[in-house]
Amino acid sequence: MRHHVTALLWRAGLALALLCGVGLLPWLSRTDPALTVLKARSAERDPSPDVLADIRAQLGLDDGPLRLLGQWFGGLWRGDAGRSWISGAEVTPAVLQALGVSLLLMAVAFVVAVVTAGLVCARTLCRRERRGGSGPAVLAALPEFLTASVLATVVGVQLGWLPALGWYGPRWTVLPALALGLPAGAVLGRLLDDLLPGAFAEPWARAATARGLPRRSIARQAVRRCLPGLLPNAGLFVVGLTGGSVAVEQIYDIPGLGRTTLQAALAQDLPVLQAGTLVLVLLAAVAAGAARLAARLLIGPALRDGALPSLHRPSPQVRGIRLLAYGGLLLVVIGLGLPRDPLALDTGERLRPPSLTHPFGTDALGRDMLARVAHGALDTLLLALAIGAVALLTGVLLGLLPRLSGPLVDTVNAVPPVLGALLVAAVAGSGPATPALAVSAVAWTPLAAHTSALLRQERAALHLTATRGLGAGRRHLLRHGLLPAVLPPVTRHALLRLPGTALALASLTFLGLGAQPPSPEWGLLLAENQPYAERAPWAVLAPAAVLALLGALAVGAGGGVRWPRRRIAARVVEQQAHARELVGFK
């Protein structure tokens with residue numbers, strides 16, 4: 001009971017700190033909120049001192065940020081989140097309406113993600129062994145805003161099968177749900193695919209096979225066995241799809257919560273921004289609680305009694321030829337493009353298709369796309385690798401402390417990416433490193449959730465219970481039992497997220513918060529060429545294809561991540577034998 005009260009207080013303190021940071025955003029960034037509000041209300045009006053003084057008097061800015069925060073928190077007890085600084089309308093109905101739109105879109109996108117995850121795992125469920133493929137990696141590497149643009153252009157405009165703009169009914173949810181659900185389902189499916197071989201190797205699965213039970217029933221129970229390790233990340237996806245789908249909502253003109261918070265953040269409409277953030281924090285807490293409850297119900301008393309089999313199994317050998325092919329192709333692209341000038345303009349060669357002179361074609365200013373992709377690879381790859389390494393280290397360290405990291409993960413994951421970038425810019429200053437700091441601030445959360453989920457199950461493994469009963473200390477259990485079981489899958493997860501890290505930077509660039517022209521950074525290439533996707537598809541397909549190649553290479557390299565095989569295999573066998581002897585003795 002004491003631990004639950006402490007966790008609740010810790011969660012409430014984090015939410016309060018986040019909301020206070022949002023309420024102090026204009027003052028932290030040293031900008032005049034009256035000027036920002038005036039520009040949002042009427043960009044053509046002259047910001048004279050009298051006009052700005054009138055706005056400050058209307059909004060009560062002269063009373064100071066602390067008094068404004070106190071008034072806003074005081075109104076929450078009455079269900080009043082204030083009025084918008086821009087429109088003057090009540091905030092609560094507008095935010096709840098945007099939440100309803102986002103929840104509907106999230107639900108449809110989550111269904112798409114579940115179906116996609118099932119297709120990713122289909123071969124493993126049928127053959128009961130995992131053979132690494134590149135399809136999930138390529139799918140996970142697809143930028144949401146690029147997928148949304150292609151679907152809107154091809155399916156919505158050219159073919160006319162589904163509406164491509166607006167939000168008027170169920171048919172308007174299909175295309176944005178596909179854009180959001182396909183990459184999310186690829187990641188969830190790859191994580192589930194990583195756990196399934198361990199479930200099929202457990203004694204109950206072998207006994208069920210020997211008794212001739214239907215393969216479908218065994219596969220269903222194997223999925224049920226693996227779900228507790230996957231549910232925390234599924235909960236993160238629920239919150240991310242609700243508040244983090246800003247680019248997709250912008251493209252399809254969807255009045256959702258992500259777009260509402262984006263507009264409020266850029267206009268510094270603090271009542272709307274604070275209310276949207278509070279809703280996302282509450283949703284994150286509900287999703288995390290539901291995920292933990294579902295995991296506890298799925299595992300049953302085995303978690304309490306320390307009688308779970310270990311899901312840890314040595315990963316299959318990596319196909320070196322495929323890995324060398326991916327790496328060699330990426331090096332060839334970079335090697336051929338580096339000697340070229342990525343900034344050379346030739347307006348007579350605008351939007352030229354691929355040719356011998358320009359193998360990847362040219363962009364809207366006549367610049368060679370091969371040169372820009374190759375030069376952008378250095379910055380994008382090094383930055384993504386650095387962020388991924390920091391995220392892995394932070395995620396594992398905090399994941400080993402679930403009582404500390406659980407509420408922290410939920411709170412950080414509830415922050416929309418644009419708001420995170422603005423908060424980082426307010427604290428650290430605006431500059432080229434701002435997007436990297438913003439992505440690093442949230443990239444560790446899925447890895448910490450994954451580490452905590454695997455750690456919770458591994459601590460209840462039968463061989464660790466026996467080893468603990470034989471007198472092993474915490475350090476011995478951590479070094480020889482827990483880390484060998486947790487680190488390899490979490491490291492593979494981090495490598496799977498590597499293209500997503502580059503995509504997060506690309507999404508901020510797409511929203512105008514990342515690298516600025518004429519930088520050849522991949523996110524900027526996608527953002528500045530996206531308007532020409534219909535006329536010159538090669539301008540966006542080239543950086544997207546290289547991103548997909550990076551995803552396939554990262555997943556292929558992740559397949560070879562394992563603890564020293566002989567030592568851990570022998571140790572697990574020995575510990576399981578001790579466990580059987582101890583259980584038989586009792």
# chains A, B, ... in the order shown; residues from 1 in each chain; ligands from 1
>>> closest_atom_pairs(of="region 346-465 of chain A", to="region 481-496 of chain A", cutoff="7 Å", atoms="only C-alpha atoms", output="tab-separated table")
residue	atom	partner	partner_atom	distance
A:Gly388	CA	A:Ala494	CA	6.5
A:Leu392	CA	A:Ala494	CA	6.2
A:Leu447	CA	A:Val490	CA	6.4
A:His450	CA	A:Val490	CA	6.7
A:Thr451	CA	A:Val486	CA	6.4
A:Leu454	CA	A:Val486	CA	6.2
A:Leu455	CA	A:Val486	CA	6.6
A:Glu458	CA	A:Leu482	CA	6.5
A:Leu464	CA	A:Gly481	CA	6.9
>>> write_last_selection(atoms="N, CA, C and O atoms", output="CSV table (one decimal), in the first residue's frame")
chain,number,residue,atom,x,y,z
A,388,GLY,N,20.4,7.1,-30.4
A,388,GLY,CA,20.0,5.7,-30.1
A,388,GLY,C,20.8,5.1,-29.0
A,388,GLY,O,20.3,4.4,-28.1
A,392,LEU,N,19.3,4.0,-25.4
A,392,LEU,CA,19.5,2.6,-24.9
A,392,LEU,C,20.0,2.6,-23.5
A,392,LEU,O,19.5,1.9,-22.6
A,447,LEU,N,12.1,2.0,-24.6
A,447,LEU,CA,13.2,1.0,-24.1
A,447,LEU,C,13.1,0.8,-22.6
A,447,LEU,O,13.3,-0.3,-22.2
A,450,HIS,N,10.1,-1.4,-22.1
A,450,HIS,CA,10.4,-2.8,-22.5
A,450,HIS,C,11.3,-3.5,-21.5
A,450,HIS,O,11.1,-4.7,-21.1
A,451,THR,N,12.3,-2.8,-21.0
A,451,THR,CA,13.2,-3.3,-20.0
A,451,THR,C,12.4,-3.7,-18.7
A,451,THR,O,12.6,-4.8,-18.1
A,454,LEU,N,10.2,-6.9,-19.3
A,454,LEU,CA,11.0,-8.1,-19.3
A,454,LEU,C,11.6,-8.4,-18.0
A,454,LEU,O,11.6,-9.6,-17.6
A,455,LEU,N,12.0,-7.4,-17.3
A,455,LEU,CA,12.6,-7.6,-16.0
A,455,LEU,C,11.6,-8.2,-15.0
A,455,LEU,O,11.9,-9.1,-14.2
A,458,GLU,N,11.2,-11.8,-15.8
A,458,GLU,CA,12.4,-12.6,-15.6
A,458,GLU,C,12.7,-12.8,-14.1
A,458,GLU,O,13.2,-13.8,-13.7
A,464,LEU,N,15.5,-18.5,-11.5
A,464,LEU,CA,16.0,-17.4,-10.7
A,464,LEU,C,15.5,-17.6,-9.2
A,464,LEU,O,16.2,-17.2,-8.3
>>> residues_around(residues="Val51 (chain A)", least_positions_apart="5", cutoff="10 Å", atoms="only C-alpha atoms", output="list of chain:residue names")
A:Ala34, A:Leu35, A:Leu38, A:Arg45, A:Asp46, A:Arg56, A:Ala57
>>> residues_around(residues="region 269-284 of chain A", least_positions_apart="5", cutoff="7 Å", atoms="only C-alpha atoms", output="list in words")
Ala15, Leu19, Val22, Gly23, Ala81, Gly82, Arg83, Ser84, Trp85, Ile86, Val91, Val95, Val239, Gly243, Leu257, Thr261, Ala264, Asp410, Thr411, Ala414 and Val415 of chain A
>>> closest_atom_pairs(of="region 321-390 of chain A", to="region 533-548 of chain A", cutoff="8 Å", atoms="only C-alpha atoms", output="JSON lines")
{"residue": "A:Leu330", "atom": "CA", "partner": "A:Val546", "partner_atom": "CA", "distance": 7.4}
{"residue": "A:Leu351", "atom": "CA", "partner": "A:Ala536", "partner_atom": "CA", "distance": 6.1}
{"residue": "A:Arg352", "atom": "CA", "partner": "A:Ala536", "partner_atom": "CA", "distance": 7.8}
{"residue": "A:Pro353", "atom": "CA", "partner": "A:Trp538", "partner_atom": "CA", "distance": 7.0}
{"residue": "A:Pro354", "atom": "CA", "partner": "A:Trp538", "partner_atom": "CA", "distance": 7.5}
{"residue": "A:Phe360", "atom": "CA", "partner": "A:Ala542", "partner_atom": "CA", "distance": 6.4}
{"residue": "A:Gly361", "atom": "CA", "partner": "A:Trp538", "partner_atom": "CA", "distance": 6.6}
{"residue": "A:Thr362", "atom": "CA", "partner": "A:Ala539", "partner_atom": "CA", "distance": 6.7}
{"residue": "A:Asp363", "atom": "CA", "partner": "A:Ala539", "partner_atom": "CA", "distance": 5.8}
{"residue": "A:Met369", "atom": "CA", "partner": "A:Ala539", "partner_atom": "CA", "distance": 7.0}
{"residue": "A:Leu370", "atom": "CA", "partner": "A:Ala542", "partner_atom": "CA", "distance": 8.0}
{"residue": "A:Val373", "atom": "CA", "partner": "A:Pro543", "partner_atom": "CA", "distance": 6.2}
>>> write_last_selection(atoms="N, CA and C atoms", output="short mmCIF file (atom, residue, chain, number, x, y, z; two decimals), in the first residue's frame")
data_model
loop_
_atom_site.label_atom_id
_atom_site.label_comp_id
_atom_site.auth_asym_id
_atom_site.auth_seq_id
_atom_site.Cartn_x
_atom_site.Cartn_y
_atom_site.Cartn_z
N LEU A 330 24.31 0.61 -49.04
CA LEU A 330 24.30 1.92 -48.40
C LEU A 330 25.63 2.64 -48.61
N LEU A 351 13.46 19.11 -61.20
CA LEU A 351 12.58 17.93 -61.14
C LEU A 351 12.81 16.98 -62.31
N ARG A 352 14.09 16.78 -62.65
CA ARG A 352 14.43 15.82 -63.71
C ARG A 352 14.33 14.40 -63.16
N PRO A 353 13.83 13.45 -63.96
CA PRO A 353 13.77 12.05 -63.50
C PRO A 353 15.16 11.44 -63.44
N PRO A 354 15.30 10.29 -62.80
CA PRO A 354 16.61 9.63 -62.71
C PRO A 354 17.21 9.37 -64.10
N PHE A 360 19.52 9.67 -59.00
CA PHE A 360 18.35 9.80 -58.15
C PHE A 360 17.45 10.96 -58.60
N GLY A 361 17.72 11.55 -59.74
CA GLY A 361 16.95 12.68 -60.21
C GLY A 361 17.38 13.98 -59.54
N THR A 362 16.59 15.03 -59.76
CA THR A 362 16.88 16.33 -59.16
C THR A 362 15.65 16.84 -58.42
N ASP A 363 15.86 17.84 -57.56
CA ASP A 363 14.75 18.40 -56.78
C ASP A 363 14.20 19.65 -57.46
N MET A 369 19.88 14.85 -56.33
CA MET A 369 19.35 14.16 -55.16
C MET A 369 20.33 13.14 -54.60
N LEU A 370 21.12 12.51 -55.46
CA LEU A 370 22.12 11.55 -54.96
C LEU A 370 23.13 12.26 -54.07
N VAL A 373 21.35 13.18 -50.74
CA VAL A 373 21.13 12.00 -49.89
C VAL A 373 22.44 11.54 -49.27
#
>>> atom_distance(atom1="CA of Arg340 (chain A)", atom2="CA of Ala371 (chain A)")
5.2 Å
>>> residues_around(residues="Leu162 (chain A)", least_positions_apart="3", cutoff="7 Å", atoms="only C-alpha atoms", output="ChimeraX atom specification")
/A:155-156,171
>>> select_by_dssp(residues="region 384-442 of chain A", states="helix (DSSP H, G or I)", output="ChimeraX atom specification")
/A:384-399,402-413,417-428,434-442
